[in-house]
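To start, the structure under review is shown below, and the notes come after it.
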Amino acid sequence: MGKVHPSVVILTGAGISAESGLRTFRASDGLWEEHRIEDVATPEGFERDPELVQNFYNERRHQLKTVVPNAAHRALAELEQGWQGDFLLVTQNVDDLHERAGSRSLIHMHGELHKARCQRCHGVFRWEADLGAMTPCPSCGAHGELRPHIVWFGEMPLELDRIGEALERCSLFLAIGTSGNVYPAAGFVRMVPRQARRIELNLEASMVAGAFPEHRTGPASETVPELVRELLG
Ligand code: BJW
C-alpha cells in the first residue's frame, strides 16, 4: 500500500497581510475606525450610498498596487509546492497577495478587490480600474449595477461547499492572522476531524483560541516560515 499523505487546509485573515502594510479590521487603527461597518460592508450601506462604498473600494484597490507579499505569503506558496497530499488555502482577505506570492490552490471566501459583479446579469469580471456609481456592465450594459465582488455582512461567503468538504477530510488545519470574530470562518476549526492537528498562528489568542491545541505566537512573517520549514522537514 502506498504512503498516505496528510491533507491540509489553511485559513488566513487580515493578520497575514499586516506586515505588507495593509491594515487589519479590528486593530485600533483599523479601517472600521474611519468608516462604520454598516456603511461600507453591508448591502444596505451600498444601497444607501453607492458612491461612498465605490470610493472606499476604489481606494483599497489603489492601495493594493503599493504593497507586496511578505515572507508569510511566500512560505505558504512554498508549502503548496512541496506538499505531497491535498492542499487548500482559504483566505478571508480580498487582497491578491497570496496569488502574487505564487499560491494556486486558493479560495477567496470573502471575494476579491480585483473583481466586480453585475447585480443585473450576475456576471463576475476581473476589475483593475475605478468603479463609479454609473459604470456600465461589460456584459449586459446595465448602468449602476456593478458592485465590488466582496462578501458583505449578511451575504453568503463563496465556495462553502468546497471548503466544507476539504475541512471534513483534513488532517492538519492552520489558522493564521484571523481574530475569530467573523462566522462562518471562525467555526471552521470545529468542522475538522477531532484527531486533526490544529494550530493557530497569531500575535495574540483569537476569539476561538480554545479550539486549537497548538499555538504559535508572533508575527506571521516569522512564525509561518518557521512552521513551513518544520512541515516540509
Ligand atoms: C497578526 C499580525 C501579524 C495582526 N501576524 N497575526 C451573531 C453570531 C454569529 C454570527 C453572526 C451573528 N450575527 C451575524 C452573524 C454572521 C456574520 C458575523 O460573523 N458577524 C459577526 C461580526 C458577529 N457573518 C456574516 O454575515 C457572513 N455571512 C454569513 O454568515 O452568511 C450566512 C451563513 C449562514 C450559515 C452558514 C454560512 C453562512 C459574511 C461575513 C462577511 C465578512 N466580510 C468582511 C468585510 C469584507 C469587505 C472588506 O474587506 O472590506 O470580511 S468583515 C472583515 O472581517 C473581512 C474579514 O475577511 C473578516 C475577518 O477578519 P479577520 O481577517 O479575522 O481580521 P481581524 O482584523 O479581525 O483580525 C486580524 C487578526 O490578525 C488579529 O487576531 C490580530 O491579532 C492578527 N494579527 N497582525 C500574525 N503580523
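Lettering and numbering for the C-alpha cells are positional, with chains as A, B, ... in the shown order, residues counted from 1 in each chain, and ligands counted from 1 in the shown order.
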
(request) With a distance cut-off of 9 Å and only C-alpha atoms, select the neighbouring residues of range 110-120 of chain A, excluding the residue or stretch itself and same-chain residues fewer than 5 positions from it, and output the selection as number ranges by chain. (result) A: 57-58, 60-61, 64, 91-96, 125-129, 131, 137-140, 142, 144-152, 156-158

(message) To check your reading of the model: which residues sit at most 8 Å from ligand 1 when counting only C-alpha atoms and all ligand atoms? Write the answer as a VMD selection string.
(response) chain A and resid 12 to 19 23 to 27 30 37 40 to 41 57 91 to 94 110 to 111 150 to 157 160 176 to 186 201 to 206 217 to 221

(request) Run DSSP on the backbone and give me the residues of range 84-222 of chain A it puts in strand (DSSP E or B), as a PyMOL selection string. (result) chain A and resi 87-91+106-108+111-118+124-126+136+143+146-150+172-176+197-202+214-217

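In this model, the gap between CA of His73 in chain A and CA of Ile163 in chain A comes to 19.8 Å.
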
(request) May I have the residues within 12 Å of Val8 in chain A as number ranges by chain, using only C-alpha atoms and disregarding those fewer than 3 positions away in the same chain? (result) A: 5, 11, 76, 79-80, 83-90, 105, 163, 165-175, 192-193, 196-199, 231

Restricting the output to C-alpha atoms, write the selected residues as a tab-separated table (two decimals), in the first residue's frame.
chain	number	residue	atom	x	y	z
A	5	HIS	CA	-0.20	11.88	2.53
A	11	LEU	CA	-7.33	29.69	6.78
A	76	LEU	CA	2.61	29.24	2.13
A	79	LEU	CA	4.39	24.75	1.31
A	80	GLU	CA	1.89	24.20	-1.51
A	83	TRP	CA	3.23	19.32	-0.07
A	84	GLN	CA	2.52	15.70	-1.09
A	85	GLY	CA	-1.15	15.49	-0.04
A	86	ASP	CA	-4.26	17.59	-0.69
A	87	PHE	CA	-3.72	21.29	-0.12
A	88	LEU	CA	-6.28	24.09	0.17
A	89	LEU	CA	-5.65	27.68	1.16
A	90	VAL	CA	-8.79	29.58	2.16
A	105	SER	CA	-4.96	26.21	-4.71
A	163	ILE	CA	-14.33	24.38	1.82
A	165	GLU	CA	-15.53	19.01	2.05
A	166	ALA	CA	-11.83	19.83	2.47
A	167	LEU	CA	-12.28	20.57	6.19
A	168	GLU	CA	-14.07	17.28	6.80
A	169	ARG	CA	-11.20	15.22	5.41
A	170	CYS	CA	-8.18	17.28	6.52
A	171	SER	CA	-5.58	16.06	8.99
A	172	LEU	CA	-3.91	19.44	9.51
A	173	PHE	CA	-5.69	22.78	9.96
A	174	LEU	CA	-3.86	26.10	10.32
A	175	ALA	CA	-5.47	29.44	11.12
A	192	VAL	CA	-12.27	19.35	11.11
A	193	PRO	CA	-11.98	15.74	12.35
A	196	ALA	CA	-6.69	16.52	13.10
A	197	ARG	CA	-3.75	18.66	14.17
A	198	ARG	CA	-4.98	22.25	14.71
A	199	ILE	CA	-2.54	25.15	15.01
A	231	LEU	CA	6.32	20.68	7.92

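Here CA of His122 in chain A and CA of Val53 in chain A stand 19.0 Å from one another.
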
(message) I'd like to know which of A:Leu106, A:Leu22, A:Ala211, A:Val124 is closest to His62 in chain A, using only C-alpha atoms.
(response) A:Leu22

(request) Extract the full set of helix (DSSP H, G or I) residues from range 21-166 of chain A according to DSSP on the backbone, and format it as a VMD selection string. (result) chain A and resid 31 to 34 37 to 40 43 to 48 50 to 64 71 to 82 97 to 101 160 to 166

(request) Could you please determine the separation between CA of His108 in chain A and CA of Glu159 in chain A in Å, to one decimal place? (result) 8.4 Å
